[in-house]
Every structure is written in C-alpha cells, then in structure tokens.
>>> print(open('data_20.txt').read())   # compact mmCIF, C-alpha atoms
# COMPACT_ATOMS: atom_id res chain seq x y z
CA MET A 24 43.61 39.15 -19.36
CA ARG A 25 44.77 36.70 -16.68
CA ARG A 26 47.25 34.06 -17.81
CA PRO A 27 46.16 30.45 -17.16
CA THR A 28 47.97 28.53 -14.44
CA LEU A 29 48.23 24.89 -13.39
CA ALA A 30 45.55 25.58 -10.77
CA ASP A 31 43.05 26.15 -13.61
CA ILE A 32 43.46 22.56 -14.82
CA SER A 33 40.65 20.36 -13.52
CA PRO A 34 40.39 16.55 -13.63
CA ALA A 35 37.16 16.88 -15.61
CA HIS A 36 38.92 18.71 -18.45
CA ILE A 37 41.79 16.22 -18.43
CA ARG A 38 39.33 13.35 -18.73
CA HIS A 39 37.48 15.17 -21.51
CA GLY A 40 40.73 15.60 -23.44
CA ILE A 41 41.55 11.90 -23.08
CA LYS A 42 38.03 10.90 -24.16
CA THR A 43 38.17 13.17 -27.22
CA GLY A 44 41.49 11.65 -28.27
CA ILE A 45 40.14 8.12 -27.83
CA ALA A 46 37.02 8.94 -29.88
CA ALA A 47 39.15 10.44 -32.67
CA VAL A 48 41.46 7.41 -32.85
CA LEU A 49 38.56 4.98 -32.61
CA SER A 50 36.74 6.66 -35.50
CA LEU A 51 39.91 6.61 -37.60
CA LEU A 52 40.43 2.88 -36.96
CA LEU A 53 36.80 2.09 -37.73
CA ALA A 54 36.93 4.11 -40.94
CA ASP A 55 40.01 2.12 -41.95
CA VAL A 56 38.27 -1.18 -41.20
CA LEU A 57 35.28 -0.11 -43.32
CA HIS A 58 37.66 1.02 -46.10
CA ILE A 59 36.26 4.55 -46.11
CA GLN A 60 38.37 6.67 -48.45
CA TYR A 61 37.99 9.96 -46.61
CA GLY A 62 38.22 8.75 -43.02
CA TYR A 63 39.27 12.15 -41.75
CA TRP A 64 35.63 13.28 -41.99
CA ALA A 65 34.80 10.64 -39.36
CA VAL A 66 37.56 11.98 -37.12
CA ILE A 67 36.36 15.56 -37.54
CA SER A 68 32.80 14.53 -36.72
CA ALA A 69 33.92 12.67 -33.60
CA VAL A 70 35.87 15.68 -32.32
CA ILE A 71 32.95 18.03 -32.96
CA ALA A 72 30.43 15.71 -31.31
CA MET A 73 32.44 15.27 -28.10
CA GLN A 74 31.08 17.47 -25.30
CA MET A 75 31.70 17.79 -21.57
CA ASN A 76 28.50 16.02 -20.48
CA VAL A 77 26.20 13.34 -21.87
CA ALA A 78 23.23 15.62 -22.58
CA GLU A 79 25.25 18.05 -24.70
CA ALA A 80 27.05 15.19 -26.47
CA ILE A 81 23.75 13.56 -27.44
CA GLU A 82 22.43 16.92 -28.60
CA MET A 83 25.51 17.49 -30.77
CA CYS A 84 25.45 13.92 -32.14
CA LEU A 85 21.83 14.26 -33.18
CA TYR A 86 22.46 17.74 -34.56
CA ARG A 87 25.39 16.62 -36.69
CA PHE A 88 23.94 13.29 -37.88
CA ILE A 89 20.44 14.53 -38.71
CA GLY A 90 21.82 17.67 -40.33
CA THR A 91 24.16 15.51 -42.41
CA VAL A 92 21.33 13.27 -43.58
CA MET A 93 19.22 16.27 -44.57
CA GLY A 94 22.16 17.86 -46.39
CA ALA A 95 23.03 14.60 -48.18
CA VAL A 96 19.44 14.17 -49.38
CA MET A 97 19.37 17.75 -50.67
CA GLY A 98 22.77 17.24 -52.30
CA VAL A 99 21.67 14.08 -54.11
CA ILE A 100 18.54 15.85 -55.40
CA ALA A 101 20.66 18.79 -56.59
CA ILE A 102 23.05 16.42 -58.37
CA MET A 103 20.12 14.82 -60.18
CA VAL A 104 18.56 18.18 -61.14
CA PHE A 105 21.55 20.35 -62.10
CA PRO A 106 24.24 19.44 -64.65
CA ASP A 107 27.83 18.73 -63.60
CA THR A 108 29.23 21.97 -64.97
CA PRO A 109 30.82 24.97 -63.26
CA VAL A 110 27.64 26.97 -63.79
CA GLY A 111 25.36 24.08 -62.79
CA ASN A 112 27.33 23.37 -59.62
CA GLY A 113 27.38 27.08 -58.74
CA VAL A 114 23.62 27.35 -59.15
CA SER A 115 23.00 24.16 -57.14
CA VAL A 116 25.21 25.40 -54.28
CA PHE A 117 23.44 28.78 -54.32
CA VAL A 118 19.97 27.23 -54.24
CA THR A 119 20.63 24.54 -51.64
CA THR A 120 22.70 26.59 -49.19
CA GLY A 121 20.31 29.54 -49.50
CA LEU A 122 17.38 27.21 -48.78
CA CYS A 123 19.16 25.73 -45.77
CA ALA A 124 19.94 29.18 -44.41
CA PHE A 125 16.28 30.13 -44.74
CA LEU A 126 15.11 26.91 -43.04
CA THR A 127 17.30 27.54 -39.99
CA ARG A 128 14.50 29.85 -38.91
CA TRP A 129 12.63 26.68 -37.84
CA ASP A 130 15.42 24.16 -37.28
CA PRO A 131 19.08 24.97 -36.52
CA ARG A 132 20.15 21.59 -37.90
CA TYR A 133 19.88 23.07 -41.39
CA ARG A 134 23.18 24.85 -40.67
CA MET A 135 24.82 21.43 -40.65
CA ALA A 136 22.79 20.51 -43.72
CA ALA A 137 24.20 23.53 -45.56
CA ILE A 138 27.76 22.36 -44.85
CA THR A 139 27.02 18.81 -45.96
CA VAL A 140 25.21 19.77 -49.14
CA SER A 141 28.13 21.98 -50.16
CA ILE A 142 30.59 19.12 -49.59
CA VAL A 143 28.42 16.64 -51.50
CA ILE A 144 28.00 18.88 -54.53
CA LEU A 145 31.56 20.20 -54.73
CA ALA A 146 33.45 17.04 -53.68
CA SER A 147 31.57 14.94 -56.24
CA ALA A 148 32.09 17.34 -59.13
CA GLY A 149 33.71 15.53 -62.04
CA HIS A 150 33.12 12.05 -60.59
CA ALA A 151 31.16 9.44 -62.50
CA GLU A 152 29.25 8.19 -59.42
CA ARG A 153 28.37 11.47 -57.76
CA ILE A 154 25.54 10.04 -55.66
CA ASP A 155 27.91 7.58 -54.00
CA VAL A 156 29.94 10.53 -52.73
CA GLY A 157 26.90 11.85 -50.86
CA LEU A 158 26.13 8.47 -49.34
CA PHE A 159 29.72 8.03 -48.18
CA ARG A 160 29.57 11.45 -46.49
CA VAL A 161 26.66 10.18 -44.39
CA LEU A 162 28.56 7.00 -43.54
CA GLU A 163 31.67 8.93 -42.52
CA ILE A 164 29.69 11.28 -40.30
CA ALA A 165 27.81 8.34 -38.78
CA VAL A 166 31.07 6.60 -37.88
CA GLY A 167 32.46 9.69 -36.14
CA VAL A 168 29.22 10.48 -34.33
CA GLY A 169 28.78 6.86 -33.25
CA CYS A 170 32.31 6.70 -31.83
CA ALA A 171 31.79 9.96 -29.94
CA PHE A 172 28.50 8.69 -28.49
CA VAL A 173 29.95 5.36 -27.36
CA VAL A 174 32.96 6.99 -25.69
CA THR A 175 30.79 9.63 -24.00
CA VAL A 176 28.37 7.19 -22.35
CA THR A 177 30.88 4.45 -21.46
CA LEU A 178 34.10 6.20 -20.40
CA TRP A 179 33.80 8.54 -17.39
CA PRO A 180 30.27 9.64 -18.31
CA VAL A 181 29.39 13.06 -16.93
CA ARG A 182 25.63 13.32 -16.52
CA ALA A 183 24.18 16.78 -16.89
CA ALA A 184 21.38 15.88 -14.46
CA VAL A 185 23.88 15.30 -11.65
CA GLY A 186 25.57 18.66 -12.18
CA LEU A 187 22.25 20.48 -12.51
CA ARG A 188 20.89 18.98 -9.31
CA ARG A 189 24.07 19.89 -7.46
CA ASP A 190 23.88 23.50 -8.72
CA LEU A 191 20.16 23.79 -7.97
CA ALA A 192 20.74 22.49 -4.45
CA ALA A 193 23.45 25.12 -3.93
CA GLN A 194 21.14 27.82 -5.31
CA ALA A 195 18.33 26.72 -2.97
CA GLU A 196 20.79 27.00 -0.08
CA ASN A 197 21.70 30.50 -1.26
CA CYS A 198 18.01 31.42 -1.42
CA ALA A 199 17.59 30.28 2.17
CA ASP A 200 20.59 32.33 3.29
CA HIS A 201 19.41 35.45 1.43
CA LEU A 202 15.90 35.07 2.85
CA THR A 203 17.29 35.04 6.39
CA THR A 204 19.43 38.08 5.60
CA LEU A 205 16.55 40.10 4.16
CA VAL A 206 14.18 39.33 7.03
CA ASP A 207 16.88 40.07 9.64
CA ASN A 208 17.63 43.40 7.94
CA PHE A 209 13.94 44.30 7.77
CA LEU A 210 13.44 43.51 11.45
CA ALA A 211 16.64 45.45 12.36
CA ARG A 212 14.83 48.74 11.78
CA GLN A 213 14.82 48.25 7.98
CA THR A 214 18.56 48.14 7.36
CA HIS A 215 19.20 48.25 3.61
CA ALA A 216 20.79 45.35 1.72
CA PRO A 217 23.01 45.51 -1.40
CA ALA A 218 20.94 46.06 -4.54
CA ASN A 219 22.89 43.33 -6.39
CA LEU A 220 22.39 40.74 -3.65
CA LEU A 221 20.34 38.42 -5.88
CA ASP A 222 21.97 39.06 -9.25
CA HIS A 223 23.84 35.75 -9.32
CA LEU A 224 20.61 33.83 -8.74
CA ALA A 225 18.80 35.80 -11.46
CA ARG A 226 21.58 35.02 -13.95
CA ALA A 227 21.45 31.32 -13.12
CA ILE A 228 17.73 30.89 -13.87
CA PRO A 229 17.96 30.94 -17.73
CA ARG A 230 20.89 28.52 -17.58
CA ASN A 231 18.88 26.21 -15.32
CA ARG A 232 16.02 26.16 -17.82
CA GLU A 233 18.34 25.37 -20.71
CA ARG A 234 20.14 22.57 -18.87
CA LEU A 235 16.86 21.06 -17.64
CA SER A 236 15.53 21.06 -21.21
CA LYS A 237 18.65 19.19 -22.39
CA VAL A 238 18.26 16.62 -19.62
CA ARG A 239 14.63 16.02 -20.56
CA ARG A 240 15.09 15.95 -24.32
CA HIS A 241 18.45 14.20 -24.65
CA GLU A 242 19.90 12.60 -21.54
CA SER A 243 16.61 10.97 -20.59
CA LEU A 244 16.80 9.02 -23.85
CA ILE A 245 19.44 6.69 -22.39
CA TYR A 246 19.10 7.14 -18.62
CA PHE A 247 15.99 6.65 -16.54
CA TYR A 248 15.35 9.78 -14.50
CA ASP A 249 12.54 10.91 -12.28
CA ASN A 250 12.61 14.47 -13.53
CA GLN A 251 9.82 15.75 -11.27
CA PRO A 252 12.07 16.54 -8.25
CA LEU A 253 14.55 18.24 -10.55
CA ASP A 254 11.83 20.28 -12.24
CA THR A 255 10.27 21.15 -8.88
CA LEU A 256 13.57 22.33 -7.42
CA SER A 257 14.25 24.44 -10.51
CA THR A 258 10.80 26.03 -10.18
CA THR A 259 11.41 26.56 -6.46
CA VAL A 260 14.65 28.45 -7.09
CA GLU A 261 13.01 30.57 -9.78
CA ARG A 262 9.93 31.50 -7.76
CA THR A 263 11.91 32.05 -4.58
CA THR A 264 14.26 34.40 -6.40
CA ASP A 265 11.29 36.39 -7.73
CA HIS A 266 9.82 36.81 -4.24
CA LEU A 267 13.21 37.67 -2.75
CA ARG A 268 13.66 40.40 -5.34
CA THR A 269 10.31 41.87 -4.31
CA MET A 270 11.37 41.74 -0.67
CA LEU A 271 14.70 43.37 -1.49
CA ARG A 272 13.00 46.24 -3.32
CA SER A 273 10.53 46.71 -0.47
CA LEU A 274 13.31 46.70 2.10
CA ASN A 275 15.47 49.23 0.26
CA ALA A 276 12.44 51.47 -0.30
CA CYS A 277 12.08 51.91 3.47
CA THR A 278 13.70 54.70 5.37
CA PRO A 279 16.72 53.28 7.25
CA ASP A 280 16.56 53.23 11.04
CA GLY A 281 12.78 53.21 10.79
CA HIS A 282 10.56 51.17 13.12
CA ASP A 283 10.80 48.16 15.36
CA ILE A 284 8.42 45.41 14.23
CA ILE A 285 6.29 44.00 17.05
CA MET A 286 5.58 40.72 15.25
CA ALA A 287 9.29 40.10 14.65
CA PRO A 288 9.23 36.63 16.32
CA GLU A 289 6.46 35.39 14.00
CA MET A 290 8.07 36.81 10.86
CA ARG A 291 11.45 35.39 11.83
CA ALA A 292 9.87 32.00 12.57
CA LEU A 293 8.10 32.02 9.22
CA ALA A 294 11.29 32.92 7.38
CA GLU A 295 13.26 30.27 9.25
CA THR A 296 10.66 27.61 8.39
CA VAL A 297 10.80 28.58 4.71
CA ALA A 298 14.61 28.53 4.80
CA ARG A 299 14.65 25.10 6.43
CA THR A 300 12.17 23.81 3.87
CA LEU A 301 14.35 25.09 1.04
CA ARG A 302 17.36 23.31 2.53
CA TYR A 303 15.29 20.15 2.97
CA MET A 304 14.18 20.26 -0.66
CA ALA A 305 17.79 20.76 -1.74
CA ALA A 306 18.86 17.72 0.29
CA THR A 307 16.13 15.46 -1.08
CA THR A 308 17.09 16.09 -4.70
CA THR A 309 20.84 15.56 -4.41
CA GLY A 310 22.00 12.90 -6.86
CA VAL A 311 20.41 11.32 -9.89
CA THR A 312 17.68 9.35 -8.17
CA GLY A 313 16.54 12.14 -5.86
CA SER A 314 16.54 9.74 -2.90
CA ARG A 315 15.58 11.25 0.43
CA PRO A 316 18.33 10.84 3.05
CA ALA A 317 17.28 9.51 6.41
CA GLY A 318 16.64 12.20 8.97
CA ALA A 319 16.26 14.98 6.43
CA LEU A 320 13.24 16.30 8.32
CA ALA A 321 15.00 16.37 11.68
CA GLY A 322 16.13 19.97 11.36
CA LEU A 323 12.87 21.05 9.76
CA ARG A 324 10.77 19.86 12.69
CA SER A 325 12.73 22.07 15.07
CA ALA A 326 11.82 25.30 13.25
CA PRO A 327 11.16 28.05 15.82
CA GLY A 328 7.77 29.61 16.27
CA LEU A 329 5.73 26.45 15.73
CA GLN A 330 5.28 25.77 19.44
CA PRO A 331 2.97 27.93 21.57
CA GLU A 332 4.47 30.55 23.82
CA SER A 333 4.27 30.08 27.55
CA GLY A 334 0.77 30.68 28.82
CA GLN A 335 -0.84 30.03 25.45
CA GLU A 336 -3.09 27.11 24.68
CA ALA A 337 -1.21 24.29 22.98
CA ALA A 338 -1.71 24.36 19.26
CA PRO A 339 -2.59 21.17 17.38
CA LYS A 340 0.57 19.26 16.58
CA PRO A 341 1.24 19.60 12.85
CA SER A 342 2.14 16.61 10.72
CA GLU A 343 5.78 16.09 9.90
CA SER A 344 5.45 17.18 6.27
CA PRO A 345 7.19 20.40 5.22
CA ALA A 346 3.92 21.72 3.79
CA ALA A 347 2.15 21.26 7.12
CA LEU A 348 4.95 22.95 9.05
CA LEU A 349 4.83 25.91 6.67
CA GLY A 350 1.05 26.08 6.99
CA ALA A 351 1.35 26.23 10.77
CA ALA A 352 3.99 28.99 10.60
CA MET A 353 1.84 31.05 8.19
CA ALA A 354 -1.23 30.62 10.40
CA ARG A 355 0.64 31.83 13.49
CA ALA A 356 1.99 34.89 11.65
CA ASP A 357 -1.45 35.75 10.25
CA GLU A 358 -3.09 35.36 13.64
CA ARG A 359 -0.52 37.62 15.24
CA LEU A 360 -0.94 40.27 12.53
CA LEU A 361 -4.72 40.16 12.90
CA ALA A 362 -4.46 40.57 16.66
CA LEU A 363 -2.11 43.55 16.29
CA ARG A 364 -4.44 45.18 13.77
CA GLU A 365 -7.43 44.77 16.06
CA ALA A 366 -5.41 46.25 18.91
CA GLY A 367 -4.56 49.27 16.72
CA ALA A 368 -0.82 48.62 16.71
CA THR A 369 -0.51 49.45 13.02
CA LYS A 370 -1.69 53.01 13.63
CA ARG A 371 1.81 54.02 14.70
CA PHE A 372 2.95 53.62 11.08
CA ASP A 373 2.50 56.38 8.56
CA LEU A 374 0.95 55.40 5.24
CA ALA A 375 4.30 54.95 3.46
CA MET A 376 5.72 52.65 6.13
CA LEU A 377 2.47 50.72 6.42
CA THR A 378 2.49 50.10 2.66
CA GLN A 379 6.14 49.02 2.75
CA PHE A 380 5.51 46.68 5.67
CA TYR A 381 2.60 44.99 3.94
CA ALA A 382 4.57 44.74 0.68
CA PHE A 383 7.44 43.01 2.49
CA TYR A 384 5.21 40.77 4.59
CA TYR A 385 3.01 39.83 1.65
CA ALA A 386 6.07 38.87 -0.42
CA LEU A 387 7.35 36.75 2.48
CA ARG A 388 3.99 35.07 2.87
CA GLN A 389 3.59 34.47 -0.86
CA LEU A 390 7.04 32.90 -0.84
CA ALA A 391 5.97 30.62 2.01
CA GLU A 392 2.79 29.70 0.13
CA ASP A 393 4.70 28.85 -3.05
CA VAL A 394 7.33 26.82 -1.22
CA LYS A 395 4.55 25.01 0.64
CA GLY A 396 2.91 23.94 -2.62
CA LEU A 397 6.22 23.00 -4.23
CA ALA A 398 7.28 20.96 -1.19
CA ALA A 399 3.98 19.12 -1.38
CA ARG A 400 4.52 18.49 -5.09
CA MET A 401 7.99 17.11 -4.46
CA ALA A 402 6.53 14.78 -1.82
CA GLY A 403 3.97 13.57 -4.38
CA ASN A 404 1.00 15.24 -2.69
CA GLU A 405 -0.96 17.12 -5.35
CA ASP A 406 -3.63 18.28 -2.88
CA HIS A 407 -1.62 21.44 -2.28
CA HIS A 408 -2.21 23.85 -5.15
CA LEU A 409 0.28 26.61 -5.82
CA ASP A 410 -2.42 29.13 -6.61
CA ALA A 411 -4.55 28.44 -3.54
CA ASP A 412 -3.85 31.33 -1.21
CA THR A 413 -6.19 33.11 1.12
CA GLY A 414 -3.60 35.84 1.68
CA PRO A 415 -2.64 37.67 4.84
CA PRO A 416 -5.13 39.76 6.79
CA THR A 417 -5.98 42.98 4.99
CA PRO A 418 -5.47 46.33 6.68
>>> encode(input="data_20.txt", output="structure tokens")
Amino acid sequence: MRRPTLADISPAHIRHGIKTGIAAVLSLLLADVLHIQYGYWAVISAVIAMQMNVAEAIEMCLYRFIGTVMGAVMGVIAIMVFPDTPVGNGVSVFVTTGLCAFLTRWDPRYRMAAITVSIVILASAGHAERIDVGLFRVLEIAVGVGCAFVVTVTLWPVRAAVGLRRDLAAQAENCADHLTTLVDNFLARQTHAPANLLDHLARAIPRNRERLSKVRRHESLIYFYDNQPLDTLSTTVERTTDHLRTMLRSLNACTPDGHDIIMAPEMRALAETVARTLRYMAATTTGVTGSRPAGALAGLRSAPGLQPESGQEAAPKPSESPAALLGAAMARADERLLALREAGATKRFDLAMLTQFYAFYYALRQLAEDVKGLAARMAGNEDHHLDADTGPPTP
C-alpha cells in the first residue's frame, strides 16, 4: 500500500476539514446557548452530516434528521407501551430495532431510526420524564444537522452539478477521441484495438447516474438548475459508450490486415462530424447554467465531408445546427454505400467480412443517429426523435 505524501493533499480536502471543524464548533456553541444538556450529540450529528459537496450534504442531513424523527416517535411509543424495567426495556429495544431493520427494505433512513430509538429507550431508563429525553434527542440532532447545512451552503460550497458537468464533458471528449481511434483502426485494414479501451467509460456510467439523481433530488432543492442539458449529456455519454463497445467488438472480430475500405472518406467524415458534435455538446454544458459559449459551432461547421467533391453538383447548404450537419454526413455516407452496392463493389468481400463491415458501419451510423437526436434535444428542438431511423442501405 502506497504511503500518502504531501502531493496527495488537495485544497478541496483542506477546505472540507476547515468547514467540518467550523460546523462542529458552531453546533457546540448553539447547543450551549439553548442549554442542551447533551450537546455532544449535536456535534456528532454535524460531523456526520458534513460531506464534500452540497448534494451529498443535503442527502445526509435529510437522512439523519428524518431518521431521528422516526426513531424518536417509535421510542416515545415504546416508552408509553412497555414498563421501565430491565425486561421491559429489553423487549422494547428488541421490537423497535427489529422493526426498523425490517423497514430498511423500503427506506434506508430506518437505520438511523434504529440508532435513535435505542438511544431514546436506554438513555431515558430510570428517568421520571422519559418522553422529554426523546424530544431532546431530536432537538440535538436538529442543531447539528442545521449547523452542517448552513456551513455547507455558505462557506466554499462545492456543487455536485458543477463537478458532474465537468466530468461528463471530459467523458464526452474521451468518447470523441475513442470514436476517431476505432474508425481509423477499422479503415487501416481493420487494425485491432485494446479490448479494455472503453472500460473506464463503462465504469463511469453508474456513477454518473447516481450523481445526477442526487443533483435532481437534493441539490436542486436550494439551487435553480436547468437539468436538461446535464441529463442529455449523461445520456449521450451512456449511449455513445454502448455504440463504441459494439464497434470495438466488430473491429476486433475482423481478421487483421484485411481489406481497404473504398468509402473510407465518407466514414471518416461521418465519424469526425460525430466527434465534433460530441465536443460541441461538452462545451455547451460546461458550468452550472449550461450557457453556450460564443463560437462553439465554428469548429463543427468545418467538419470534413460535408462539401461536395470536385466535379459533383453542389449539395444544399445545411443549417448550422449540429443535428443538420450530422444528417448531411449520414446522407452522404448512405448515398456512397448505395452507389458502391449497385456497382458491385461489396462482392469482393466474403460473407464474414461483409457481415463485420455492416456491423461496424451500422453501429457508427446508429451512434450518429443517436447523437443527432440528443444534440437536437439539447438545443431545445424536440422534432428530432431518437428512435426515428431509416437505417443504412441494406445489402
């Protein structure tokens, strides 16, 4: 196991340590002002509730406070039902904690309830006003949770949405790079690529879903977010990764040093347009507001393969939207494939290679179709449906 060094210390962790200390001291002072006898419970609650970002802190605050309330209510009921004797307290602890453990099947907050109900029953044993003990537990927890929440959202707040958008943008850039690599390898006489090329993207997808859920459910309670670009970019990364995995399998199933692909310019142009669109989508969702930087389409408009070759009739100029540029690139690739089929160019392939070519090309085209629909969704144009696909020409 590697020993930690000074290089492993980040400013974010230093700030988190300072914030946790401030929340602990603040809860202790507030408990003293309110004359709470067991103020250390407030301190413990504040330390537990402090998390690295706002979304996780809100989640933990709600988890601890709501679980405490549920446990206190169950504890008060148990105090009223069972006698204050060693046997009575043992039975009440057995019943309430067992019930909480069973109820965690539907709500994990009952784990916190089990802790609270045990404290309420056992800490109040032998006291004349046992119910007051349970109510003070709720007050103590509320003080600690409240202090943690205030410190989290006011002092160096770290928004989970900002980090998620930054990571999704980086993943979209990686998808674009891997797409270019796979297409280049396929066109270079089907040169194989590493089988684990996309593993890091596949591992990131479940984490993206979890973080996006926390942003929607918790962080959006106090910050106004337009979550659609964030959700669209997350879906884009997930679907792109799925298509890239299909392309990777198709590529590695081919015999190395196989065939030259006649329609290489059209496939490369299509891949480059998809890659540029992915980078454009990553750029337009950087930051909390998802504002679109000026000139973000400049590089996208220059995608190769969208202009007619010399001697060809000029194609209609596409609109400047990413979806339209992708549609033009797909149309040119399909037209070229259809022309090659009619000329009998595909006859030089044996059945295995023909199947592998169509599997790779179809995955590339499906990726372009999905990215086209998602780019339209991000732009607020719902006329482009993700499932609307006429497909490439059939053999």
>>> atom_distance(input="data_20.txt", atom1="atom CA of A:Ala148", atom2="atom CA of A:Thr120")
16.5 Å
>>> atom_distance(input="data_20.txt", atom1="atom CA of A:Ile284", atom2="atom CA of A:Phe209")
8.6 Å
>>> closest_residue(input="data_20.txt", among="A:Arg364, A:Lys395, A:Arg359, A:Arg188", to="A:Met286", atoms="all atoms listed in the file")
A:Arg359
>>> residues_around(input="data_20.txt", residues="stretch 366-368 of chain A", least_positions_apart="2", cutoff="12 Å", atoms="all atoms listed in the file", output="ChimeraX atom specification")
/A:283-286,359-364,370-373,377,418
>>> residues_near_point(input="data_20.txt", point="(7.6, 23.7, -4.3)", cutoff="9 Å", atoms="all atoms listed in the file", output="JSON, numbers by chain")
{"A": [255, 256, 258, 259, 260, 262, 301, 304, 392, 393, 394, 395, 396, 397, 398, 399, 400, 401, 409]}
>>> closest_residue(input="data_20.txt", among="A:Ala225, A:Ala298, A:Met103, A:Val116", to="A:Arg268", atoms="all atoms listed in the file")
A:Ala225
>>> closest_residue(input="data_20.txt", among="A:Ser236, A:Asn197, A:Thr214, A:Asn112", to="A:Asp254", atoms="all atoms listed in the file")
A:Ser236
>>> residues_around(input="data_20.txt", residues="stretch 277-279 of chain A", least_positions_apart="3", cutoff="7 Å", atoms="all atoms listed in the file", output="PyMOL selection string")
chain A and resi 212-215+273-274+376+379
>>> closest_residue(input="data_20.txt", among="A:Arg132, A:Lys42, A:Arg355, A:His58", to="A:Gln74", atoms="all atoms listed in the file")
A:Lys42
>>> residues_around(input="data_20.txt", residues="A:Ala199", least_positions_apart="3", cutoff="10 Å", atoms="only C-alpha atoms", output="PyMOL selection string")
chain A and resi 193-196+202-204+260+263+267+294-302
>>> closest_residue(input="data_20.txt", among="A:Val166, A:Ile41, A:Val118, A:Ala151", to="A:Leu53", atoms="all atoms listed in the file")
A:Val166
>>> residues_around(input="data_20.txt", residues="A:Ser68", least_positions_apart="2", cutoff="8 Å", atoms="only C-alpha atoms", output="list in words")
Trp64, Ala65, Val66, Val70, Ile71, Ala72, Arg87, Ile164, Gly167 and Val168 of chain A
>>> residues_around(input="data_20.txt", residues="A:Thr264", least_positions_apart="5", cutoff="8 Å", atoms="all atoms listed in the file", output="list in words")
Cys198, Leu221, Leu224 and Ala225 of chain A
>>> atom_distance(input="data_20.txt", atom1="atom CA of A:Val174", atom2="atom CA of A:Leu191")
27.6 Å
>>> closest_residue(input="data_20.txt", among="A:Ile37, A:Val140, A:Val96, A:Leu162", to="A:Phe117", atoms="all atoms listed in the file")
A:Val140
